[in-house]
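Asker: The structure is given below, and queries will be raised subsequently.
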Amino acid sequence: QVTLEESGGGLVQPGGSLRLSCAASGFTFSNYRMNWYRQAPGKEREWVATILSVGGIRNYADSVKGRFTISRDNAKNTVYLQMNNLQPEDTAVYYCNARRTASQPGSWGQGTQVTVSS
């Protein structure tokens, strides 16, 4: 059974930083591409970042490029999202997603709330 558990969300002031974690279990983590998505109130879920299973190749949405960094620790079965210079428009529930290939919907975590407000 695939389980993804996000943590690290919270309330932060504009310009601040947070690091999200997603602990995975129930599958061979190192073989999966890991993704972060987010969903703001009243909006559709949007893709944020991906890290591939091989070579550590990373891709980012334009809205977060240069501010967010995705990384993974295969020994700990965990993927991270370091978020710097957070802005109010980054406020959303952040979800971890694991998929074997890009064409699969994959599995989802329950999400962690990030609120950026002064």
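Ligands are numbered from 1 in the order shown, chains are lettered A, B, ... in the order of the structure tokens, and residues start at 1 in each chain.
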What residues in chain A get the DSSP label helix (DSSP H, G or I)? Please answer as a count of residues only.
Answerer: 6
Asker: My list of candidates is A:Ser25, A:Gln110, A:Thr3, A:Thr50. Which is closest to A:Asn77 when distances are computed with only C-alpha atoms?
Answerer: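 Among the listed residues, A:Ser25 lies closest to A:Asn77.
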Asker: Write out as a ChimeraX atom specification the residues lying within 6 Å of stretch 94-106 of chain A, counting only C-alpha atoms and excluding same-chain residues fewer than 3 positions away.
Answerer: /A:32-38,109,111-112
Asker: Mind dumping the selected residues with all heavy atoms as an mmCIF file, in the first residue's frame?
Answerer:
```
data_model
loop_
_atom_site.group_PDB
_atom_site.id
_atom_site.type_symbol
_atom_site.label_atom_id
_atom_site.label_comp_id
_atom_site.auth_asym_id
_atom_site.auth_seq_id
_atom_site.Cartn_x
_atom_site.Cartn_y
_atom_site.Cartn_z
ATOM 1 N N TYR A 32 10.737 5.846 -8.517
ATOM 2 C CA TYR A 32 9.595 6.711 -8.824
ATOM 3 C C TYR A 32 10.013 8.161 -8.973
ATOM 4 O O TYR A 32 10.876 8.664 -8.250
ATOM 5 C CB TYR A 32 8.550 6.620 -7.716
ATOM 6 C CG TYR A 32 7.652 5.417 -7.830
ATOM 7 C CD1 TYR A 32 8.167 4.124 -7.705
ATOM 8 C CD2 TYR A 32 6.287 5.554 -8.056
ATOM 9 C CE1 TYR A 32 7.359 3.018 -7.832
ATOM 10 C CE2 TYR A 32 5.465 4.452 -8.168
ATOM 11 C CZ TYR A 32 6.010 3.193 -8.058
ATOM 12 O OH TYR A 32 5.207 2.099 -8.169
ATOM 13 N N ARG A 33 9.377 8.814 -9.918
ATOM 14 C CA ARG A 33 9.505 10.252 -10.014
ATOM 15 C C ARG A 33 8.575 10.875 -8.975
ATOM 16 O O ARG A 33 7.442 10.435 -8.804
ATOM 17 C CB ARG A 33 9.169 10.735 -11.417
ATOM 18 C CG ARG A 33 7.792 10.372 -11.923
ATOM 19 C CD ARG A 33 7.742 10.507 -13.426
ATOM 20 N NE ARG A 33 7.818 11.888 -13.848
ATOM 21 C CZ ARG A 33 8.275 12.269 -15.032
ATOM 22 N NH1 ARG A 33 8.734 11.373 -15.881
ATOM 23 N NH2 ARG A 33 8.301 13.531 -15.369
ATOM 24 N N MET A 34 9.075 11.874 -8.297
ATOM 25 C CA MET A 34 8.322 12.492 -7.209
ATOM 26 C C MET A 34 7.975 13.928 -7.588
ATOM 27 O O MET A 34 8.789 14.639 -8.190
ATOM 28 C CB MET A 34 9.130 12.469 -5.918
ATOM 29 C CG MET A 34 9.486 11.075 -5.430
ATOM 30 S SD MET A 34 8.023 10.053 -5.106
ATOM 31 C CE MET A 34 7.261 10.973 -3.759
ATOM 32 N N ASN A 35 6.771 14.308 -7.205
ATOM 33 C CA ASN A 35 6.248 15.601 -7.618
ATOM 34 C C ASN A 35 5.634 16.337 -6.443
ATOM 35 O O ASN A 35 5.124 15.711 -5.510
ATOM 36 C CB ASN A 35 5.155 15.403 -8.675
ATOM 37 C CG ASN A 35 5.570 14.465 -9.781
ATOM 38 O OD1 ASN A 35 6.269 14.835 -10.709
ATOM 39 N ND2 ASN A 35 5.131 13.210 -9.685
ATOM 40 N N TRP A 36 5.648 17.634 -6.536
ATOM 41 C CA TRP A 36 4.879 18.480 -5.621
ATOM 42 C C TRP A 36 3.855 19.262 -6.456
ATOM 43 O O TRP A 36 4.180 19.777 -7.526
ATOM 44 C CB TRP A 36 5.771 19.464 -4.883
ATOM 45 C CG TRP A 36 6.580 18.855 -3.796
ATOM 46 C CD1 TRP A 36 7.894 18.458 -3.858
ATOM 47 C CD2 TRP A 36 6.150 18.564 -2.459
ATOM 48 N NE1 TRP A 36 8.307 17.943 -2.655
ATOM 49 C CE2 TRP A 36 7.244 18.003 -1.770
ATOM 50 C CE3 TRP A 36 4.941 18.728 -1.770
ATOM 51 C CZ2 TRP A 36 7.167 17.602 -0.440
ATOM 52 C CZ3 TRP A 36 4.860 18.335 -0.451
ATOM 53 C CH2 TRP A 36 5.967 17.775 0.206
ATOM 54 N N TYR A 37 2.641 19.296 -5.928
ATOM 55 C CA TYR A 37 1.570 20.089 -6.491
ATOM 56 C C TYR A 37 1.036 20.993 -5.383
ATOM 57 O O TYR A 37 1.309 20.785 -4.204
ATOM 58 C CB TYR A 37 0.434 19.192 -6.987
ATOM 59 C CG TYR A 37 0.717 18.445 -8.265
ATOM 60 C CD1 TYR A 37 1.571 17.351 -8.284
ATOM 61 C CD2 TYR A 37 0.116 18.826 -9.459
ATOM 62 C CE1 TYR A 37 1.822 16.660 -9.465
ATOM 63 C CE2 TYR A 37 0.347 18.139 -10.638
ATOM 64 C CZ TYR A 37 1.203 17.060 -10.636
ATOM 65 O OH TYR A 37 1.455 16.374 -11.796
ATOM 66 N N ARG A 38 0.235 21.958 -5.772
ATOM 67 C CA ARG A 38 -0.429 22.794 -4.784
ATOM 68 C C ARG A 38 -1.807 23.196 -5.283
ATOM 69 O O ARG A 38 -2.057 23.237 -6.487
ATOM 70 C CB ARG A 38 0.396 24.029 -4.457
ATOM 71 C CG ARG A 38 0.556 25.022 -5.590
ATOM 72 C CD ARG A 38 1.519 26.143 -5.189
ATOM 73 N NE ARG A 38 1.669 27.152 -6.240
ATOM 74 C CZ ARG A 38 2.521 28.160 -6.187
ATOM 75 N NH1 ARG A 38 3.314 28.314 -5.105
ATOM 76 N NH2 ARG A 38 2.593 29.030 -7.177
ATOM 77 N N GLY A 109 -0.542 12.253 -1.376
ATOM 78 C CA GLY A 109 -0.616 12.424 0.061
ATOM 79 C C GLY A 109 -1.847 13.227 0.435
ATOM 80 O O GLY A 109 -2.637 13.625 -0.425
ATOM 81 N N GLY A 111 -1.806 16.173 1.939
ATOM 82 C CA GLY A 111 -1.560 17.596 1.800
ATOM 83 C C GLY A 111 -1.142 18.262 3.099
ATOM 84 O O GLY A 111 -1.452 17.791 4.191
ATOM 85 N N THR A 112 -0.431 19.380 2.956
ATOM 86 C CA THR A 112 -0.041 20.196 4.099
ATOM 87 C C THR A 112 -0.277 21.660 3.746
ATOM 88 O O THR A 112 0.060 22.097 2.645
ATOM 89 C CB THR A 112 1.424 19.934 4.502
ATOM 90 O OG1 THR A 112 1.738 20.654 5.689
ATOM 91 C CG2 THR A 112 2.408 20.327 3.409
#
```
Asker: Which residues, written as a list in words, have at least one atom at most 12 Å from A:Phe68, with only C-alpha atoms counted and residues fewer than 4 positions away on the same chain left out?
Answerer: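 Residues meeting the cut-off are Gly16, Ser17, Leu18, Arg19, Leu20, Trp36, Val48, Ala49, Thr50, Arg58, Asn59, Tyr60, Ala61, Asp62, Ser63, Val64, Tyr80, Leu81, Gln82, Met83, Asn84, Asn85, Leu86, Gln87 and Asp90 of chain A.
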Asker: With C-alpha atoms retained, export the selected residues as a tab-separated table (two decimals), in the first residue's frame.
Answerer:
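Result file is selection-v3.tsv:
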```tsv
chain	number	residue	atom	x	y	z
A	16	GLY	CA	10.14	33.73	4.70
A	17	SER	CA	11.05	30.10	4.11
A	18	LEU	CA	9.63	26.67	4.78
A	19	ARG	CA	10.78	23.16	4.01
A	20	LEU	CA	8.16	20.57	3.23
A	36	TRP	CA	4.88	18.48	-5.62
A	48	VAL	CA	4.97	22.85	-8.75
A	49	ALA	CA	8.05	20.67	-9.20
A	50	THR	CA	9.32	17.23	-10.21
A	58	ARG	CA	14.48	18.54	-11.67
A	59	ASN	CA	11.83	20.68	-13.27
A	60	TYR	CA	9.91	23.62	-11.86
A	61	ALA	CA	6.87	25.67	-12.65
A	62	ASP	CA	7.80	29.16	-13.82
A	63	SER	CA	6.01	30.64	-10.81
A	64	VAL	CA	8.45	29.03	-8.36
A	80	TYR	CA	11.61	17.66	0.11
A	81	LEU	CA	10.52	21.05	-1.13
A	82	GLN	CA	12.60	23.96	0.12
A	83	MET	CA	10.60	27.13	-0.37
A	84	ASN	CA	12.33	30.49	-0.08
A	85	ASN	CA	11.12	34.05	-0.53
A	86	LEU	CA	7.54	32.92	-0.03
A	87	GLN	CA	4.81	35.24	-1.22
A	90	ASP	CA	2.16	30.72	-2.63
```
Asker: Run DSSP on the backbone and grab whatever in chain A lands in strand (DSSP E or B); send it over as a VMD selection string.
Answerer: chain A and resid 3 to 7 10 to 12 18 to 25 33 to 39 46 to 51 58 to 60 68 to 73 78 to 83 92 to 99 107 to 108 112 to 116
Asker: Using only C-alpha atoms, pick whichever of A:Ala24, A:Val2, A:Glu46, A:Gly8 has the shortest atom-to-atom distance to A:Thr78.
Answerer: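 Among the listed residues, A:Ala24 lies closest to A:Thr78.
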